[in-house]
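Trainee: Structure supplied as work-v5.cif; contents: mmCIF, C-alpha atoms.
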data_start
loop_
_atom_site.label_atom_id
_atom_site.label_comp_id
_atom_site.auth_asym_id
_atom_site.auth_seq_id
_atom_site.Cartn_x
_atom_site.Cartn_y
_atom_site.Cartn_z
CA ILE A 1 61.23 74.07 22.09
CA GLY A 2 61.88 75.64 25.47
CA ALA A 3 60.57 76.99 28.74
CA ALA A 4 60.08 80.18 30.71
CA VAL A 5 59.65 80.94 34.42
CA VAL A 6 58.54 84.24 35.93
CA LEU A 7 58.56 84.63 39.71
CA LYS A 8 58.59 87.12 42.57
CA PRO A 9 61.93 86.58 44.32
CA THR A 10 60.83 87.85 47.74
CA THR A 11 57.90 85.44 48.05
CA GLY A 12 58.56 82.56 45.65
CA GLU A 13 55.24 83.21 43.91
CA VAL A 14 55.28 81.89 40.34
CA LEU A 15 53.60 84.46 38.12
CA ALA A 16 53.99 82.52 34.89
CA MET A 17 55.38 79.20 33.76
CA VAL A 18 55.53 77.94 30.19
CA SER A 19 56.76 74.72 28.66
CA TYR A 20 56.78 74.45 24.89
CA PRO A 21 55.54 72.59 22.92
CA PHE A 22 52.42 72.43 25.05
CA PHE A 23 49.08 70.64 24.94
CA ASP A 24 45.55 71.21 26.23
CA GLN A 25 45.66 69.72 29.71
CA ASN A 26 41.85 69.71 29.90
CA ILE A 27 41.71 66.73 27.55
CA PHE A 28 42.68 64.47 30.44
CA GLY A 29 39.51 65.48 32.25
CA LYS A 30 37.49 64.06 29.40
CA GLU A 31 37.35 60.71 27.68
CA ILE A 32 40.57 61.01 25.71
CA SER A 33 40.71 59.09 22.46
CA SER A 34 43.38 56.46 22.01
CA SER A 35 44.63 58.18 18.85
CA LEU A 36 45.09 61.52 20.64
CA ALA A 37 46.83 59.84 23.56
CA LYS A 38 49.11 57.96 21.17
CA GLU A 39 49.93 61.20 19.37
CA LEU A 40 50.88 62.92 22.63
CA PHE A 41 52.98 60.07 24.00
CA GLU A 42 54.81 59.41 20.73
CA ASN A 43 55.46 63.04 19.77
CA PRO A 44 59.28 63.32 19.42
CA ASN A 45 59.19 66.84 20.92
CA ASN A 46 57.73 65.47 24.19
CA PRO A 47 54.90 67.95 24.86
CA LEU A 48 54.04 66.00 28.05
CA LEU A 49 57.39 67.02 29.57
CA ASN A 50 57.25 70.16 31.71
CA ARG A 51 60.60 71.59 30.70
CA ALA A 52 60.36 74.44 33.21
CA ILE A 53 60.70 72.09 36.19
CA GLY A 54 60.90 68.48 35.01
CA ALA A 55 63.90 68.60 32.68
CA HIS A 56 67.47 69.71 33.18
CA TYR A 57 70.00 71.29 30.88
CA PRO A 58 73.55 72.67 31.05
CA PRO A 59 73.03 76.15 32.58
CA ALA A 60 75.92 77.46 30.44
CA SER A 61 77.11 80.99 31.13
CA THR A 62 74.21 81.89 33.43
CA PHE A 63 76.34 79.81 35.81
CA LYS A 64 79.01 82.54 35.80
CA VAL A 65 76.82 84.55 38.19
CA ILE A 66 77.65 81.92 40.85
CA MET A 67 81.33 81.96 39.92
CA ASN A 68 81.42 85.77 40.29
CA THR A 69 79.85 85.43 43.73
CA ALA A 70 82.37 82.78 44.77
CA ILE A 71 85.40 84.68 43.44
CA LEU A 72 84.34 87.86 45.24
CA ASN A 73 83.32 86.25 48.52
CA GLU A 74 86.41 84.04 48.74
CA LYS A 75 88.70 86.85 47.56
CA ALA A 76 90.12 84.16 45.30
CA PHE A 77 91.33 86.64 42.69
CA PRO A 78 91.42 90.45 42.71
CA SER A 79 88.31 91.67 40.87
CA GLU A 80 90.18 94.57 39.24
CA THR A 81 93.11 92.45 38.03
CA THR A 82 92.81 91.61 34.37
CA VAL A 83 93.21 88.24 32.66
CA PRO A 84 94.25 88.21 28.98
CA CYS A 85 91.93 86.42 26.57
CA LEU A 86 93.53 85.49 23.25
CA GLY A 87 90.49 83.51 22.16
CA GLU A 88 91.79 80.14 23.32
CA ILE A 89 94.01 78.44 25.87
CA GLU A 90 95.81 75.11 25.85
CA TYR A 91 95.41 72.73 28.77
CA GLY A 92 96.38 69.09 28.89
CA ASN A 93 96.19 67.70 25.39
CA ARG A 94 93.47 69.95 24.03
CA VAL A 95 92.69 73.54 23.09
CA PHE A 96 89.81 75.30 24.86
CA ARG A 97 88.31 77.96 22.60
CA CYS A 98 86.38 80.98 23.86
CA HIS A 99 83.19 81.96 22.05
CA ILE A 100 85.16 84.89 20.64
CA ARG A 101 87.94 83.23 18.70
CA LYS A 102 91.33 84.81 17.95
CA PRO A 103 92.28 87.54 18.76
CA GLY A 104 89.85 87.08 21.73
CA HIS A 105 88.46 89.60 24.22
CA GLY A 106 91.78 91.12 25.26
CA LYS A 107 92.45 91.92 28.93
CA LEU A 108 89.35 91.70 31.16
CA ALA A 109 88.59 92.35 34.82
CA LEU A 110 85.84 90.38 36.59
CA ASN A 111 82.88 92.61 35.69
CA GLU A 112 84.02 92.78 32.05
CA ALA A 113 84.45 89.00 31.96
CA LEU A 114 80.83 88.54 33.06
CA ALA A 115 79.56 91.21 30.68
CA LYS A 116 81.32 89.72 27.67
CA SER A 117 80.94 86.15 28.96
CA CYS A 118 84.63 85.42 28.49
CA ASP A 119 85.24 81.71 28.95
CA VAL A 120 89.02 82.12 29.15
CA TYR A 121 88.70 84.31 32.27
CA TYR A 122 86.57 81.75 34.13
CA TRP A 123 88.59 78.77 32.92
CA THR A 124 91.75 80.37 34.25
CA VAL A 125 90.55 81.90 37.54
CA CYS A 126 88.27 79.04 38.59
CA ARG A 127 90.82 76.35 37.82
CA ASP A 128 93.88 78.08 39.29
CA ASN A 129 92.47 80.28 42.07
CA LEU A 130 89.03 79.09 43.16
CA GLY A 131 89.21 75.31 42.83
CA ILE A 132 86.56 72.64 42.41
CA ASP A 133 85.76 72.16 46.12
CA LYS A 134 84.86 75.81 46.64
CA MET A 135 82.98 75.84 43.35
CA VAL A 136 80.83 72.90 44.41
CA ASP A 137 80.12 74.48 47.80
CA TYR A 138 78.79 77.65 46.18
CA VAL A 139 76.83 75.83 43.50
CA ARG A 140 75.02 73.79 46.13
CA GLY A 141 74.55 76.94 48.18
CA PHE A 142 72.59 78.38 45.27
CA GLY A 143 70.16 75.45 45.39
CA TYR A 144 71.49 73.33 42.53
CA GLY A 145 71.43 69.56 42.84
CA LYS A 146 68.35 69.58 45.10
CA SER A 147 64.61 69.83 44.59
CA ALA A 148 63.21 73.36 44.40
CA GLU A 149 60.19 71.96 46.30
CA ILE A 150 57.64 73.70 44.10
CA ASP A 151 54.06 72.51 44.64
CA LEU A 152 54.09 70.33 41.53
CA PRO A 153 55.15 66.69 41.01
CA SER A 154 57.97 65.27 38.92
CA GLN A 155 60.58 67.97 39.25
CA ALA A 156 64.19 67.48 38.22
CA ILE A 157 66.90 67.95 40.84
CA GLY A 158 69.65 68.49 38.29
CA GLN A 159 73.26 67.44 38.74
CA VAL A 160 76.25 68.98 40.52
CA PRO A 161 79.35 67.01 39.51
CA HIS A 162 82.42 66.71 41.72
CA PRO A 163 85.50 64.45 41.94
CA VAL A 164 83.90 61.74 44.10
CA TRP A 165 80.81 61.68 41.86
CA LYS A 166 82.92 61.24 38.72
CA GLU A 167 84.97 58.47 40.33
CA ARG A 168 81.81 56.57 41.28
CA GLN A 169 80.01 57.26 38.01
CA PHE A 170 82.77 56.66 35.48
CA HIS A 171 85.69 55.24 37.52
CA GLU A 172 87.80 58.15 36.28
CA LYS A 173 89.78 60.85 38.04
CA TRP A 174 88.56 64.45 38.07
CA LEU A 175 90.76 66.54 35.81
CA GLY A 176 91.51 70.23 35.46
CA GLY A 177 89.53 70.18 32.23
CA ASP A 178 86.46 69.07 34.20
CA THR A 179 86.87 72.08 36.47
CA MET A 180 87.14 74.33 33.43
CA ASN A 181 83.97 72.89 31.89
CA MET A 182 82.08 73.33 35.12
CA ALA A 183 83.30 76.93 35.47
CA ILE A 184 81.20 77.88 32.45
CA GLY A 185 78.17 75.74 33.36
CA GLN A 186 78.88 72.89 30.96
CA GLY A 187 80.40 69.43 31.18
CA PHE A 188 78.37 67.34 33.61
CA MET A 189 76.54 70.31 35.21
CA LEU A 190 72.73 70.22 34.81
CA ALA A 191 69.87 72.40 36.08
CA SER A 192 66.22 73.16 35.38
CA PRO A 193 64.97 76.62 34.33
CA LEU A 194 63.28 76.91 37.75
CA GLN A 195 66.61 76.32 39.49
CA VAL A 196 68.22 79.02 37.35
CA ALA A 197 65.38 81.37 38.35
CA ASN A 198 66.05 80.55 42.00
CA MET A 199 69.73 81.37 41.46
CA VAL A 200 68.77 84.86 40.30
CA ALA A 201 66.30 85.20 43.18
CA LEU A 202 69.05 84.45 45.71
CA VAL A 203 71.15 87.29 44.29
CA VAL A 204 68.21 89.70 44.25
CA ASN A 205 67.25 88.81 47.83
CA GLY A 206 70.82 89.04 49.09
CA GLY A 207 71.08 85.42 50.18
CA VAL A 208 67.59 83.89 50.43
CA ILE A 209 65.61 81.57 48.15
CA TYR A 210 61.91 81.14 48.90
CA LYS A 211 60.07 77.97 47.92
CA PRO A 212 58.50 78.60 44.52
CA HIS A 213 54.76 78.03 44.52
CA LEU A 214 51.82 78.23 42.14
CA LEU A 215 49.11 78.19 44.82
CA LYS A 216 48.38 81.71 46.05
CA GLU A 217 45.23 81.18 48.10
CA VAL A 218 42.33 78.79 48.67
CA ARG A 219 38.74 80.08 48.61
CA ASP A 220 35.41 78.52 49.52
CA SER A 221 33.66 77.62 46.27
CA VAL A 222 30.28 78.83 47.61
CA THR A 223 31.00 81.88 49.75
CA ASP A 224 34.30 82.89 48.08
CA LYS A 225 35.73 83.31 51.57
CA ILE A 226 39.49 82.91 51.80
CA ILE A 227 40.32 79.69 53.62
CA GLU A 228 44.09 79.70 53.26
CA VAL A 229 46.74 82.13 52.04
CA LYS A 230 50.09 80.75 50.95
CA LYS A 231 52.85 82.32 53.02
CA PRO A 232 56.50 82.58 51.90
CA GLU A 233 58.70 79.70 53.07
CA ILE A 234 62.48 79.83 53.03
CA LEU A 235 64.08 77.11 50.90
CA LYS A 236 67.72 78.15 51.11
CA THR A 237 69.92 80.77 52.76
CA ALA A 238 73.49 81.70 51.93
CA SER A 239 75.98 83.24 54.35
CA ILE A 240 77.53 85.65 51.91
CA ALA A 241 78.42 89.27 52.63
CA PRO A 242 75.73 91.79 51.51
CA GLU A 243 78.35 93.84 49.68
CA VAL A 244 79.21 90.79 47.58
CA PHE A 245 75.62 90.43 46.40
CA ALA A 246 75.49 94.17 45.73
CA ARG A 247 78.55 93.85 43.53
CA VAL A 248 77.13 90.82 41.70
CA ARG A 249 73.93 92.76 40.99
CA GLU A 250 76.06 95.60 39.62
CA ASP A 251 77.92 93.15 37.40
CA MET A 252 74.63 91.68 36.13
CA ARG A 253 73.47 95.19 35.29
CA PHE A 254 76.77 95.75 33.45
CA VAL A 255 75.92 92.71 31.27
CA VAL A 256 72.85 94.60 30.04
CA THR A 257 74.47 98.03 29.67
CA HIS A 258 77.81 96.96 28.16
CA GLY A 259 77.71 93.22 27.52
CA THR A 260 76.22 90.35 25.56
CA SER A 261 72.58 91.37 26.09
CA GLN A 262 72.86 95.14 25.64
CA TYR A 263 71.04 95.35 22.30
CA PRO A 264 67.89 93.32 23.07
CA MET A 265 67.67 94.18 26.80
CA ARG A 266 68.49 97.90 27.11
CA ASN A 267 65.42 100.12 27.07
CA LYS A 268 64.12 103.43 28.44
CA VAL A 269 61.20 101.93 30.37
CA VAL A 270 62.85 99.70 32.97
CA GLN A 271 66.41 98.98 34.06
CA LEU A 272 67.18 95.26 33.69
CA ALA A 273 70.04 93.08 34.91
CA GLY A 274 70.87 89.52 33.98
CA LYS A 275 73.10 87.00 32.26
CA THR A 276 73.01 85.25 28.93
CA GLY A 277 73.99 81.63 28.35
CA THR A 278 74.69 79.46 25.31
CA ALA A 279 75.22 75.75 25.89
CA GLU A 280 76.73 73.55 23.20
CA VAL A 281 74.75 70.39 22.51
CA GLY A 282 76.57 67.56 20.81
CA PHE A 283 78.90 68.20 17.89
CA LYS A 284 76.53 69.53 15.21
CA ASP A 285 76.48 73.28 15.94
CA ARG A 286 73.39 73.07 18.13
CA TRP A 287 72.85 75.23 21.21
CA HIS A 288 70.52 75.86 24.13
CA SER A 289 70.07 79.60 24.58
CA TRP A 290 69.40 81.14 28.01
CA MET A 291 68.46 84.52 29.42
CA ALA A 292 68.29 84.83 33.21
CA ALA A 293 67.28 88.32 34.29
CA TYR A 294 65.44 90.52 36.74
CA GLY A 295 64.10 94.04 36.94
CA PRO A 296 63.73 96.77 37.86
CA TYR A 297 67.40 96.83 38.84
CA ASP A 298 67.02 100.20 40.57
CA ALA A 299 64.01 99.19 42.72
CA PRO A 300 63.74 97.38 46.08
CA ALA A 301 63.81 93.57 45.94
CA ASP A 302 60.10 93.30 46.73
CA LYS A 303 59.34 95.20 43.52
CA ALA A 304 61.53 92.97 41.35
CA ILE A 305 60.48 90.20 38.98
CA VAL A 306 62.78 87.35 37.91
CA VAL A 307 62.44 86.02 34.36
CA VAL A 308 64.31 83.01 32.97
CA VAL A 309 63.87 81.86 29.37
CA LEU A 310 65.39 78.79 27.72
CA VAL A 311 65.18 78.03 24.00
#
Using structure tokens, write down the structure from this file.
Mentor:
Amino acid sequence: IGAAVVLKPTTGEVLAMVSYPFFDQNIFGKEISSSLAKELFENPNNPLLNRAIGAHYPPASTFKVIMNTAILNEKAFPSETTVPCLGEIEYGNRVFRCHIRKPGHGKLALNEALAKSCDVYYWTVCRDNLGIDKMVDYVRGFGYGKSAEIDLPSQAIGQVPHPVWKERQFHEKWLGGDTMNMAIGQGFMLASPLQVANMVALVVNGGVIYKPHLLKEVRDSVTDKIIEVKKPEILKTASIAPEVFARVREDMRFVVTHGTSQYPMRNKVVQLAGKTGTAEVGFKDRWHSWMAAYGPYDAPADKAIVVVVLV
């Protein structure tokens, strides 16, 4: 079960979109039998749900791309200063465990923390140096919590939690542990695969997200003459220094050359950059697995393709 989105970041053109399990959409243009309709609507895997745009999930460590951007742009913590990871940290009345348990990752600078997806680094720096208000500002700046305005119906807007939201929703105070969960794209944070693709597009474009669209052009059915061509429309812009985006792209490349995705993603054909993500689901050792990437890394933005896959 999962989804995939492939788009051109400099135009918003969707080149491919998959939601699985799928079904033959042409059956709704015919006289559909009641038994087939019943089977589709009662299938526990929900094939009628377009998971690429109509469902939302914890973005997990793909979210750390935004945190890197915020840390660098705000100068919240020196990027070359290391943070020790011993595999876990105590905060409040609980122990937060990194995905690499004891003895942990050791001392990591920012680019190494992204490459190895060290939770301890982001828990510490985001909680103590960046803060929830700045985090929320940047997350919204990347298009989360709002419609991506793709030319399809029923799209999820996701969820960007913050202290006021939690107070209204649960009548509870926002805690440091909530900030830590959000720093690694978990807790109450939710996004669709399309929104994650837009996040990567904003980095590739250096601060611009274009409205994703499936329609490329409209032609006359008789003469084949082009009636309309879909032009790129800006959905979101971010006032972040170009050198910050350049550094974030470098760090995403470092993930592929030295980090969590180096074995499946390194190849001699094309240079890729991206970020992995693994979101815990419930308490029974179940996960959502993400890969958010683009390539070629060493080509101009208008030659790049963004690919996001969720399983």
Trainee: Can you list every residue of segment 155-212 of chain A that has an atom at most 9 Å from segment 264-282 of chain A, with its nearest atom pair and the distance in Å to one decimal, using all atoms listed in the file, ordered by chain then number, as CSV?
Mentor:
residue,atom,partner,partner_atom,distance
A:Gly185,CA,A:Ala279,CA,8.0
A:Gln186,CA,A:Ala279,CA,6.9
A:Val200,CA,A:Gly274,CA,8.1
Trainee: Could those residues be written to a file, using C-alpha atoms, as a PDB file, in the frame of the given file?
Mentor:
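Wrote out02.pdb, looks like this:
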ATOM      1  CA  GLY A 185      78.170  75.740  33.360  1.00  0.00           C
ATOM      2  CA  GLN A 186      78.880  72.890  30.960  1.00  0.00           C
ATOM      3  CA  VAL A 200      68.770  84.860  40.300  1.00  0.00           C
TER       4      VAL A 200
END
Trainee: Translate the PyMOL selection byres ((chain A and resi 238) around 9) into a concrete residue list for this structure, as a ChimeraX atom specification.
Mentor: /A:138,141-142,202,206-209,236-237,239-240
Trainee: Which of these residues is nearest to Tyr20 of chain A, using all atoms listed in the file: A:Arg140, A:Arg51, A:His258, A:Lys38?
Mentor: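 When distances to Tyr20 of chain A are compared using all atoms listed in the file, the smallest one comes from A:Arg51.
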Trainee: Hey, which of A:Pro78, A:Gly106, A:Pro296, A:Pro193 ends up closest to Asn50 of chain A? Count only C-alpha atoms.
Mentor: A:Pro193
Trainee: Using 8 Å of padding on each side, determine the axis-aligned box around all atoms of segment 192-205 of chain A present in the file and give its centre and edge lengths in Å to one decimal, as AutoDock Vina command-line options.
Mentor:
--center_x 67.2 --center_y 81.4 --center_z 41.1 --size_x 23.9 --size_y 32.5 --size_z 29.5
Trainee: Please evaluate the PyMOL selection byres ((chain A and resi 19) around 9) against the displayed coordinates and give the resulting residues as number ranges by chain.
Mentor: A: 1-5, 17-18, 20-22, 47, 49-53
Trainee: Just give me the gap between atom CA of Lys303 of chain A and atom CA of Thr11 of chain A in Å, one decimal is fine.
Mentor: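 Atom CA of Thr11 of chain A lies 10.9 Å from atom CA of Lys303 of chain A.
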Trainee: Please write the residues picked by the PyMOL selection byres ((chain A and resi 246) around 12) on this file as a PyMOL selection string.
Mentor: chain A and resi 68-69+72-73+202-207+240-245+247-253+297-298+301
Trainee: Between A:Cys118, A:Val306, A:Leu235, A:Ala156, which residue has the minimum interatomic distance to His56 of chain A, considering only C-alpha atoms?
Mentor: A:Ala156
Trainee: Near Gln195 of chain A, counting all atoms listed in the file, which residues have an atom at most 9 Å away, once you skip same-chain residues fewer than 6 positions from it, shown as a CSV table (one decimal) with C-alpha atoms, in the coordinates of the input?
Mentor:
chain,number,residue,atom,x,y,z
A,53,ILE,CA,60.7,72.1,36.2
A,142,PHE,CA,72.6,78.4,45.3
A,143,GLY,CA,70.2,75.4,45.4
A,144,TYR,CA,71.5,73.3,42.5
A,145,GLY,CA,71.4,69.6,42.8
A,146,LYS,CA,68.4,69.6,45.1
A,147,SER,CA,64.6,69.8,44.6
A,148,ALA,CA,63.2,73.4,44.4
A,157,ILE,CA,66.9,68.0,40.8
A,158,GLY,CA,69.6,68.5,38.3
Trainee: For Met182 of chain A, list every protein, DNA or RNA residue within 9 Å, evaluated using all atoms listed in the file, and leave out those in the same chain fewer than 5 positions away; present the list as a list in words.
Mentor: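 My reading of the contact set: Ala60, Phe63, Trp123, Ile132, Met135, Pro161, Gly177, Gly187, Phe188 and Met189 of chain A.
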Trainee: Would you compute the distance between atom CA of Ser79 of chain A and atom CA of Arg94 of chain A? Give it in Å to one decimal.
Mentor: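 So the answer is 28.0 Å.
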Trainee: Would you pick out the contacts of Asn129 of chain A at 8 Å or less, using only C-alpha atoms, so that residues sharing its chain but fewer than 3 positions from it are not included, and give the list as a count of residues only?
Mentor: 5
Trainee: With distances taken over all atoms listed in the file, which of A:Ile66, A:Ala201, A:Ile184, A:Cys85 is nearest to Asp137 of chain A?
Mentor: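 For Asp137 of chain A, the nearest of the candidates is A:Ile66.
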